[in-house]
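Have a look at the structure below, then the notes.
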Amino acid sequence: ISDKDRANYTELYSDPETMQMFLDNEDLLSKMSLEDWKKEQVSIIAERVDVLIGRWKEGIPFSAFAIYHRQTGDFVGHVVAGFGDRPGESEIAYIIHKRHWHKGFGSQAIDAVVQKWMPYLQKQGYETEEMMDGKMMSKVVGRLVATSRVDNTYSNRILAKNGFTITGQNVAYGHLRNIYEKDIGT
């Protein structure tokens with residue numbers, strides 16, 4: 001992700017159909033006008049893009065990738081391989097623009113992160129960390145986590161296809177979500 005991607009991210013995050021299964025956008029849309037929702041989304045994504053671009057500029061590889069169609073150059077969506085909650089963990093998330101749903105891009109993005117990006121980070125010795133019992137603990141990334149709304153059939157299928165296993169469920173962002181994990185060793 002870079003500065004040139006800002007307009008694409010703004011369009012992605014402010015499209016209510018694309019965002020319908022992400023976070024608690026359905027609840028937010030029921031409480032505010034579409035225009036107010038879009039303004040809020042634009043503000044949220046502007047801050048988030050600043051953080052993600054900042055990570056790359058600081059040499060922190062736990063960030064996001066903008067996804068473009070190889071042949072047409074169209075912006076498809078994004079995938080995040082960010083920090084997890086525990087040492088050695090990376091949290092994976094992705095959003096594919098509605099106009100590109102059901103074309104395999106989500107699965108390809110997750111596959112690229114799992115098969116290419118994470119092995120590269122492991123080989124380079126990149127660690128994630130967390131404060132535990134008053135001490136900073138760090139560990140080379142070896143576990144991936146992801147969540148998906150229980151009712152998001154396609155996302156659940158993509159994660160399962162890419163070797164993630166459901167390890168539990170919780171309510172987050174206003175909806176019941178499956179918790180997925182994938183051990184990638186170290």
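By convention in this document, the chains of the structure tokens carry letters A, B, ... by their order, each chain's residues are numbered from 1, and ligands are numbered from 1 in the order they are shown.
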
Please list as a PDB file with C-alpha atoms, in the first residue's frame every residue within 9 Å of Val42 (chain A), counting only C-alpha atoms and excluding residues in the same chain fewer than 6 positions away.
```
ATOM      1  CA  TYR A   9      -9.079   2.565  -0.510  1.00  0.00           C
ATOM      2  CA  THR A  10     -11.569   5.392  -0.054  1.00  0.00           C
ATOM      3  CA  GLU A  11     -13.796   3.886  -2.751  1.00  0.00           C
ATOM      4  CA  TYR A  13     -14.297   1.317   2.283  1.00  0.00           C
ATOM      5  CA  SER A  14     -17.131   3.670   1.358  1.00  0.00           C
TER       6      SER A  14
END
```

Tell me, as a list in words, which residues lie within 12 Å of Lys161 (chain A), counting only C-alpha atoms; anything in the same chain fewer than 4 positions away does not count. Gly104, Gly106, Ser107, Gln108, Ile110, Asp111, Val114, Tyr154, Ser155, Asn156, Arg157, Thr165, Ile166, Tyr180 and Lys182 of chain A

In terms of the shortest atom-to-atom distance over only C-alpha atoms, which of A:Gly185, A:Gly168, A:Gly163, A:Gly77 is closest to Ile96 (chain A)?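 Looking only at the distances to Ile96 (chain A), the closest residue turns out to be A:Gly77.
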
Once DSSP has gone over the backbone, tell me which residues of region 104-177 of chain A are in strand (DSSP E), as a PyMOL selection string. chain A and resi 127-132+135-140+143-149+165-172+175-177

May I have the selected residues written with N, CA, C and O atoms, as a short mmCIF file (atom, residue, chain, number, x, y, z; two decimals), in the first residue's frame?
```cif
data_model
loop_
_atom_site.label_atom_id
_atom_site.label_comp_id
_atom_site.auth_asym_id
_atom_site.auth_seq_id
_atom_site.Cartn_x
_atom_site.Cartn_y
_atom_site.Cartn_z
N GLU A 127 9.78 -10.72 13.90
CA GLU A 127 9.05 -11.13 15.10
C GLU A 127 7.86 -10.21 15.35
O GLU A 127 7.86 -9.06 14.93
N THR A 128 6.88 -10.76 16.05
CA THR A 128 5.82 -9.93 16.62
C THR A 128 5.96 -10.05 18.12
O THR A 128 6.53 -11.02 18.64
N GLU A 129 5.47 -9.06 18.83
CA GLU A 129 5.69 -9.02 20.27
C GLU A 129 4.44 -8.61 21.03
O GLU A 129 3.47 -8.13 20.44
N GLU A 130 4.50 -8.83 22.33
CA GLU A 130 3.40 -8.47 23.22
C GLU A 130 3.97 -8.34 24.62
O GLU A 130 4.92 -9.02 24.99
N MET A 131 3.37 -7.45 25.40
CA MET A 131 3.74 -7.31 26.79
C MET A 131 3.06 -8.42 27.58
O MET A 131 1.84 -8.55 27.54
N MET A 132 3.84 -9.26 28.25
CA MET A 132 3.29 -10.35 29.05
C MET A 132 3.96 -10.34 30.42
O MET A 132 5.19 -10.37 30.51
N LYS A 135 6.80 -7.99 30.95
CA LYS A 135 7.98 -8.15 30.10
C LYS A 135 7.56 -8.19 28.64
O LYS A 135 6.54 -8.77 28.31
N MET A 136 8.37 -7.57 27.79
CA MET A 136 8.11 -7.62 26.36
C MET A 136 8.58 -8.97 25.84
O MET A 136 9.75 -9.33 25.99
N MET A 137 7.65 -9.73 25.29
CA MET A 137 7.96 -11.04 24.73
C MET A 137 7.86 -10.94 23.20
O MET A 137 6.91 -10.35 22.69
N SER A 138 8.81 -11.53 22.50
CA SER A 138 8.75 -11.53 21.04
C SER A 138 9.13 -12.92 20.53
O SER A 138 9.81 -13.68 21.20
N LYS A 139 8.65 -13.18 19.33
CA LYS A 139 8.85 -14.50 18.74
C LYS A 139 8.72 -14.37 17.22
O LYS A 139 7.89 -13.59 16.74
N VAL A 140 9.51 -15.14 16.48
CA VAL A 140 9.39 -15.15 15.02
C VAL A 140 7.97 -15.60 14.66
O VAL A 140 7.44 -16.53 15.26
N ARG A 143 2.38 -18.27 13.49
CA ARG A 143 0.96 -18.57 13.54
C ARG A 143 0.20 -17.41 12.88
O ARG A 143 0.49 -16.25 13.11
N LEU A 144 -0.79 -17.80 12.09
CA LEU A 144 -1.68 -16.83 11.46
C LEU A 144 -3.05 -16.96 12.10
O LEU A 144 -3.50 -18.07 12.39
N VAL A 145 -3.71 -15.84 12.31
CA VAL A 145 -5.08 -15.84 12.81
C VAL A 145 -5.92 -14.98 11.89
O VAL A 145 -5.43 -14.07 11.23
N ALA A 146 -7.20 -15.29 11.83
CA ALA A 146 -8.15 -14.53 11.04
C ALA A 146 -9.53 -14.74 11.66
O ALA A 146 -9.75 -15.72 12.37
N THR A 147 -10.42 -13.82 11.39
CA THR A 147 -11.81 -14.01 11.80
C THR A 147 -12.70 -13.75 10.60
O THR A 147 -12.32 -13.04 9.68
N SER A 148 -13.87 -14.36 10.64
CA SER A 148 -14.86 -14.15 9.59
C SER A 148 -16.24 -14.28 10.20
O SER A 148 -16.47 -15.17 11.02
N ARG A 149 -17.12 -13.39 9.81
CA ARG A 149 -18.49 -13.53 10.28
C ARG A 149 -19.01 -14.92 9.94
O ARG A 149 -18.74 -15.44 8.86
N THR A 165 -8.00 -23.38 10.31
CA THR A 165 -8.92 -24.21 11.07
C THR A 165 -9.69 -23.34 12.06
O THR A 165 -9.11 -22.46 12.70
N ILE A 166 -10.99 -23.60 12.18
CA ILE A 166 -11.79 -22.88 13.17
C ILE A 166 -11.37 -23.36 14.56
O ILE A 166 -11.38 -24.56 14.83
N THR A 167 -11.00 -22.41 15.40
CA THR A 167 -10.59 -22.74 16.77
C THR A 167 -11.54 -22.19 17.81
O THR A 167 -11.33 -22.39 19.01
N GLY A 168 -12.57 -21.48 17.37
CA GLY A 168 -13.54 -20.94 18.30
C GLY A 168 -14.42 -19.92 17.62
O GLY A 168 -14.36 -19.73 16.40
N GLN A 169 -15.24 -19.28 18.42
CA GLN A 169 -16.11 -18.21 17.94
C GLN A 169 -16.18 -17.14 19.01
O GLN A 169 -16.00 -17.42 20.20
N ASN A 170 -16.41 -15.91 18.58
CA ASN A 170 -16.67 -14.83 19.53
C ASN A 170 -17.51 -13.76 18.84
O ASN A 170 -17.63 -13.74 17.62
N VAL A 171 -18.09 -12.91 19.65
CA VAL A 171 -18.82 -11.78 19.11
C VAL A 171 -17.84 -10.61 19.05
O VAL A 171 -17.22 -10.25 20.04
N ALA A 172 -17.68 -10.09 17.85
CA ALA A 172 -16.81 -8.93 17.64
C ALA A 172 -17.41 -8.09 16.53
O ALA A 172 -17.99 -8.63 15.58
N HIS A 175 -21.11 -8.87 15.53
CA HIS A 175 -21.57 -10.12 14.93
C HIS A 175 -20.77 -11.30 15.45
O HIS A 175 -19.60 -11.17 15.81
N LEU A 176 -21.40 -12.48 15.43
CA LEU A 176 -20.70 -13.71 15.77
C LEU A 176 -19.70 -14.01 14.66
O LEU A 176 -20.03 -13.98 13.48
N ARG A 177 -18.47 -14.28 15.06
CA ARG A 177 -17.39 -14.52 14.10
C ARG A 177 -16.70 -15.84 14.41
O ARG A 177 -16.52 -16.20 15.57
#
```

Between A:Ala112, A:Ile1, A:Ile184, A:Met118, which has the minimum distance to Ile53 (chain A) (counting only C-alpha atoms)?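 Closest to Ile53 (chain A) of all the choices is A:Ile1.
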
Of the residues A:Gly174, A:Pro119, A:Val76, A:Glu17, which is the one nearest to Lys103 (chain A), using only C-alpha atoms?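 Going through A:Gly174, A:Pro119, A:Val76, A:Glu17 one by one, the smallest distance to Lys103 (chain A) is for A:Val76.
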
Coordinates-based distance that separates CA of Glu91 (chain A) from CA of Lys31 (chain A) (Å, one decimal):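 Separating CA of Lys31 (chain A) from CA of Glu91 (chain A) is a distance of 29.3 Å.
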
Go ahead and compute the interatomic distance for CA of Arg99 (chain A) and CA of Asp27 (chain A), in Å to one decimal.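 Separation of CA of Arg99 (chain A) and CA of Asp27 (chain A): 22.8 Å.
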
Go through region 19-145 of chain A and collect every residue that DSSP, computed from the backbone, puts in helix (DSSP H, G or I); the answer should be as a ChimeraX atom specification. /A:19-21,25-31,34-57,98-100,105-124

Would you mind listing what lies within 12 Å of Asp74 (chain A) as JSON, numbers by chain, with only C-alpha atoms counted and same-chain residues fewer than 2 positions away left out? {"A": [5, 8, 66, 67, 68, 69, 70, 71, 72, 76, 77, 96, 97, 99, 100]}

Given the selection you just returned, output its residues as a file containing N, CA and C atoms, formatted as a CSV table (one decimal), in the first residue's frame.
```
chain,number,residue,atom,x,y,z
A,5,ASP,N,-2.5,4.7,-3.6
A,5,ASP,CA,-3.7,3.8,-3.4
A,5,ASP,C,-4.8,4.5,-2.6
A,8,ASN,N,-8.3,4.6,-4.1
A,8,ASN,CA,-8.9,3.2,-4.3
A,8,ASN,C,-9.4,2.7,-2.9
A,66,ALA,N,-2.0,-3.7,-1.4
A,66,ALA,CA,-3.1,-3.4,-2.3
A,66,ALA,C,-3.1,-4.5,-3.4
A,67,ILE,N,-4.3,-4.9,-3.8
A,67,ILE,CA,-4.4,-6.0,-4.8
A,67,ILE,C,-4.9,-5.4,-6.1
A,68,TYR,N,-4.1,-5.6,-7.1
A,68,TYR,CA,-4.5,-5.2,-8.5
A,68,TYR,C,-4.6,-6.4,-9.4
A,69,HIS,N,-5.5,-6.3,-10.4
A,69,HIS,CA,-5.7,-7.3,-11.4
A,69,HIS,C,-4.5,-7.3,-12.3
A,70,ARG,N,-3.9,-8.4,-12.4
A,70,ARG,CA,-2.6,-8.6,-13.2
A,70,ARG,C,-2.8,-8.1,-14.6
A,71,GLN,N,-3.9,-8.4,-15.3
A,71,GLN,CA,-4.0,-8.1,-16.7
A,71,GLN,C,-4.6,-6.7,-16.9
A,72,THR,N,-5.6,-6.3,-16.1
A,72,THR,CA,-6.2,-5.0,-16.4
A,72,THR,C,-5.7,-3.8,-15.6
A,76,VAL,N,-8.5,-4.3,-7.0
A,76,VAL,CA,-9.4,-5.4,-6.6
A,76,VAL,C,-9.7,-5.3,-5.1
A,77,GLY,N,-8.8,-4.9,-4.3
A,77,GLY,CA,-9.1,-4.9,-2.8
A,77,GLY,C,-7.8,-4.9,-2.1
A,96,ILE,N,-12.3,-7.6,-0.6
A,96,ILE,CA,-12.3,-7.6,-2.1
A,96,ILE,C,-13.5,-6.7,-2.5
A,97,HIS,N,-13.3,-5.8,-3.4
A,97,HIS,CA,-14.3,-5.0,-3.9
A,97,HIS,C,-15.4,-5.8,-4.5
A,99,ARG,N,-17.3,-5.7,-7.0
A,99,ARG,CA,-17.2,-6.0,-8.5
A,99,ARG,C,-16.3,-7.1,-8.8
A,100,HIS,N,-15.5,-7.5,-7.8
A,100,HIS,CA,-14.5,-8.6,-8.1
A,100,HIS,C,-14.8,-9.8,-7.2
```

Ranking A:Tyr120, A:Phe83, A:Phe62, A:Phe22 by minimum distance to Lys98 (chain A) and counting only C-alpha atoms, which one comes first?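 The shortest atom-to-atom distance to Lys98 (chain A) comes from A:Phe22.
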
Work out how far apart CA of Arg55 (chain A) and CA of Ile158 (chain A) are and give it in Å to one decimal.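 Those two atoms sit 26.7 Å apart.
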